[in-house]
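*Asks:* Before I ask anything, here is the structure I am working with.
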Amino acid sequence: MAVGWGRCCSSRAGPALFGFFRSLLGAAGPPPLSGLRAGRAAAGAEMSRLGLRMHYFLGRSSVFSFPKIRIIFWRLHHTTTPRTCSCSKTVSDERYKDPFKLGRKDLKNLYEDIKKELLVSAAELREMCEYYFDGKGKAFRPMIVVLMARACNNHYNNSGEVQPGQRSVAIIAEMIHTASLVHDDIIDDADSRRGKMTVNQIWGERKAVLAGDFILSAASVALARIGNTAIISVLTQVIEDLVRGEFLQLGSKENENERFAHYLEKTFKKTASLIANSCKAVSILGCPDPKVHEIAYQYGKNVGIAFQLIDDVLDFTSCADKLGKPAAADLKLGLATGPVLFACQQFPEMNALIMRRFTLPGDVERARQYVLQSDGVQQTTYLAQRYCHQAMHEISKLRPSPERDALIQLTEIVLTRDK
Amino acid sequence: MGPWVLLRWAGCCSRLLPPAPRLCPARGGGVRWQRGLFAGSPSTASHWSKVVSEAEKIVGYPTSFMSLRCLLSDELSNIAMQVRKLVGTKHPLLNTARGLVYDSRNNLQMRGLVVLLISKAAGPSNTAEISFQHDMVSGIYSSQRSLAEITELIHTAFLVHRGIVNIGELKSCDGLLKDMQFGNKIAVLSGDFLLASACTSLAQLQNTKVVELISSAIGDLVQGIYYDHSNLAEENCLTRDIGIAAWEEQIFLSQSALLAKSCQAAMELAKHDAEIQEMAFQYGKHMSLSHKLHSDLQPFTKEKSSDSVAFSLNSAPVVLHQEFLGREAWIEQIRKAQSKGNLMDFTQLQDAIKAGKGVTSAIDLCHYHGNRALEALECFPPSEARSALENMVYAVTRFS
C-alpha cells in the first residue's frame, strides 16, 4: 500500500516525495477507515500510559491516513463523472459557480444570532467578545456545516431543511473557532488579524484572555441547549484537540519524518478537528446511520487539513494586504510548516534554521528564499489536492443533492483561494 | 484529574526556586497576585483547617483528586518543562504555581470538598433506580466526584488566567519583555488546558443540564474576574462608586456562582428535585459570600498585626464605609491618606474605616449570609456531612 501510494505521488511531485512518504507511512500502512475511529478512541485511553510514542503513532495513523487504493479507485470511479473529476479544472456549469449560495440562506443573521448568545452586561467585555463577529469573516466553517447538514438530511429522508440544532452547531463552530483565535493571538503576541488590530492589541492581554474564555463558555452553553449528549461529546473533543494542537506547536522534532507527522497531527488538531467534528455533529442530528457520520467526519477532516495546508502555502505566496496579517508570519513565530519541510528535503542546510526556529537575524528571509527556490509550495499544494480528492471521494458516497455537490465544489475553492 | 496536576506542575518550579522574588508594587493591577477565596489569615486559618480536615474524613478520602490519566499526560510534562523556564522571571504565573504549593493547606480544593459534602448530605433521591445506587462510594456518586474535580479544575484554570500581564503596560522593573511574553503564553495555554480537561470531564457526565449549569458558571466567573480587573485598574487613584448591592452582585459572579452552580449540579446528578437543587444552590452562594466577607474583614477585626495593613479598597468593609460616609467625604479621606506623595498611607485609612460603621455592618452582612446558608441546609436530613457543612459556616462567621 505504502509503496503504491509513494509511486502515485512520485509520478507528479518528483522523486523527493517518494522516499519521504514511504518512510513516513512505514510498513504498516494506514488502517481501514472503519477501524480508525475505534482505534483512535482506544488509543486515546492508552495514550497517557504509553506517552509520546503512542501519541505519534496516533497522529500518524489518524491524520496521515490516505488509503491509496481508494484514491486509485476514486479515479476509476470518477472517470464517468467528468464534472468533478479534476481539481484544477474550473467548472463550467453555471449552477455550481458559487456553492456558497446554497448555504447562504441558512447563514442569514448568523452573526446576530451569535451576538445573542454572548449575553454580557459589561459593555466593554461585550464589545471585545463581539469584535470578530463583525460579518467580515469568511464564515467558512458555518458554511461547510450547514451544507453538510442539508446533504445529510437529504441523504436520509430527502428533506433538505436545516434543523435548529444543526444551525446551532454552525454557530458554535464559529464561536469555538473565534475563541481560539483570540487566545492564539495572545500566545503569538500577534497585532493584526483580518485586517484589523487584534483584541490583545486594543484591550490588553489580561482582558483578551477573558474574552476568549467567555466566548467559549457561551458556546458551551449553546451546545448544552441542543440537548443531545452525543453532540456535546463530539464538539468537546474539538476543544481538547485545539489545546493539544497548540501544545504540539510549542514543541518540535529533530527527526525529519517525525517532524512531518508532527506537523500533520498539529494541523489536524488545530484546524481540521473543528471542521470534522462539527460535520459529524450535524450528521448525527440529521441521520441515524453511523456510516454517514463517518463520511461527514472524514470529509471535514480532509477538507480541514487541505484548508490549512493551503493556508500555510499562502503564508509564502500571498501578500500581507490579502491575508489581513503579516506575510511569512509562521516563520516569524518559529514554525516550520509544509512548504518549509518540503524545501528542507531539497536544501538540507535548512535543518539548522528549523532547529533554532529561525531565531537568528536573517533566518526568516533565508528560509523564505529557500522555500521559494524549492518546490515546497508546489508539493504542499499537491498534498492539499490529495486531501481534497479524499474529501470528494468521501462525500460522493452520499445521495446526490445540490448541497452535496456544493461540498464537492467547495474542495476546489479550498485549493484555489488566494486569501 | 485535579489539582494534583497543578501540584506536580507547580512543584517543578518551586523546587528550583527559592523564596518568592519580590514583585513590583501593584500598579494598575498589572503584576499582582490575587488570592483565592479561601485564603484566610494565619490566626483564623487554624480553626478553618480543623473544620476542613474533619470534613475531608466524611467524604471518604481526602479531596486529593488524583488522576493517573492526567498526571501522565504529555501536555502536563510539557507545561512543567515550560514553567521551569520561567524561574527567575517576574511573571505572576510563577506565584500562582508557588501559591498552589505553599498555600495548599487552606485554599486548595475547598470547592470540591463542599460539592462532595453536599452530595453526601443529600444522599440518593427517592426516584433514583436501585442499579444507579450501586455506583455510590461513601454515599457519593462517582459522577458527583467527577463534578467536584471539574469545579476545582475550573477554579484553578482561572487562577492561572487571572495572572496574565498586559505587555503594553510593562515597566522596566517588571523584567524582560520576552520573559513576560513567554509567561503569558504558558499561562494562556495551561489555563486552556485545565479548562479543556474540565470540558471533557463535563461531557462525560452525559447530562445536558449539568453541562449548561457549569458552562454558565464559567461565563459568570469570567464576568466577575473582568469586574475585578476593572476595579483594580482604578485602585490606586479612586475606588469605583459602587454600593454594597453591586458589590454583592460582582462577588457572586467572581466567587459564588461556580460553587453555587456546582452544588446545584451535584443534586441534578443524583436526580434530586428542583427544590433541593435550589437549596443546594443557596447554600453554595451564601456560604461563599459569607466567606468572602470574612476574609475581607480580617485586616479590620484583628487586634494588632503588622502584616494586616494592606487591604483592598474594593473590599466589603471599605465599600460599606463609603456608603455610610458619602462619596464626597470618602474621597476627602483618601486624599488625606495620600497627602504624603502619591503613596497611600494604608494605616491611616484603616484607622478611619475602623472608626466608622463599615466594619460592623460588614460583620452583620457576613452573619446574614451565614444564616441563609444554614437555612438552606435544613432541607437535608441531619447527618455528619450536613454538620460539616454547618461547621464551615460557623468557622467563617466567627470573629474572635
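Ligands are numbered from 1 in the order shown, residues from 1 within each chain, and chains are lettered A, B, ... in the order they appear in the C-alpha cells.
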I'd like the contact shell of Asp330 of chain A - 12 Å cut-off, only C-alpha atoms, skipping same-chain residues fewer than 2 positions apart - returned as a ChimeraX atom specification.

*Replies:* /A:188,190,249,311-316,325-328,332-340,354,357-358,364,367-368

*Asks:* Can you pull out every residue within 6 Å of Pro92 of chain B, counting only C-alpha atoms, but drop anything in the same chain fewer than 2 positions away, and send it as a PyMOL selection string?

*Replies:* chain B and resi 94-95+163

*Asks:* Which residues, written as a list in words, have at least one atom at most 10 Å from Leu383 of chain A, with only C-alpha atoms counted and residues fewer than 3 positions away on the same chain left out?

*Replies:* Cys9, Ala13, Ile305, Ala306, Leu309, Ile310, Gly338, Val377, Gln378, Gln379, Thr380, Arg386, Tyr387, Cys388 and His389 of chain A

*Asks:* Determine, counting only C-alpha atoms, which protein, DNA and RNA residues have an atom within 8 Å of an atom of Tyr111 of chain A; residues of the same chain fewer than 4 positions away are not included. Present the result as a ChimeraX atom specification.

*Replies:* /A:115,133-135

*Asks:* Restricting the calculation to only C-alpha atoms, which member of B:Val211, B:Ile244, B:Ala257, B:Leu377 is positioned closest to Val318 of chain B?

*Replies:*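 Checking each of B:Val211, B:Ile244, B:Ala257, B:Leu377 against Val318 of chain B, counting only C-alpha atoms, the winner is B:Ile244.
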
*Asks:* Compile the contact shell of segment 182-190 of chain B as a PDB file with N, CA and C atoms, in the first residue's frame: residues with an atom at most 6 Å away, counting only C-alpha atoms, same-chain residues fewer than 2 positions apart removed.

*Replies:*
ATOM      1  N   ILE A 187      -1.066  34.231  22.586  1.00  0.00           N
ATOM      2  CA  ILE A 187       0.074  33.319  22.639  1.00  0.00           C
ATOM      3  C   ILE A 187       1.153  33.751  21.639  1.00  0.00           C
TER       4      ILE A 187
ATOM      5  N   HIS B  91       7.194  36.852  36.090  1.00  0.00           N
ATOM      6  CA  HIS B  91       5.817  36.608  35.648  1.00  0.00           C
ATOM      7  C   HIS B  91       4.968  36.057  36.793  1.00  0.00           C
ATOM      8  N   VAL B 160      -5.001  30.787  37.022  1.00  0.00           N
ATOM      9  CA  VAL B 160      -3.914  30.923  36.067  1.00  0.00           C
ATOM     10  C   VAL B 160      -4.197  32.054  35.070  1.00  0.00           C
ATOM     11  N   ILE B 164      -2.431  36.904  33.975  1.00  0.00           N
ATOM     12  CA  ILE B 164      -1.817  37.309  32.709  1.00  0.00           C
ATOM     13  C   ILE B 164      -1.494  38.793  32.755  1.00  0.00           C
ATOM     14  N   ASP B 179      10.521  37.546  28.650  1.00  0.00           N
ATOM     15  CA  ASP B 179      10.107  36.652  29.736  1.00  0.00           C
ATOM     16  C   ASP B 179       8.609  36.773  29.973  1.00  0.00           C
ATOM     17  N   MET B 180       8.138  38.009  29.957  1.00  0.00           N
ATOM     18  CA  MET B 180       6.731  38.234  30.247  1.00  0.00           C
ATOM     19  C   MET B 180       5.854  37.685  29.131  1.00  0.00           C
ATOM     20  N   ASP B 192      -5.976  27.136  29.488  1.00  0.00           N
ATOM     21  CA  ASP B 192      -6.824  26.496  28.477  1.00  0.00           C
ATOM     22  C   ASP B 192      -6.808  24.979  28.621  1.00  0.00           C
ATOM     23  N   PHE B 193      -5.638  24.457  28.945  1.00  0.00           N
ATOM     24  CA  PHE B 193      -5.526  23.012  29.116  1.00  0.00           C
ATOM     25  C   PHE B 193      -6.418  22.534  30.265  1.00  0.00           C
TER      26      PHE B 193
END
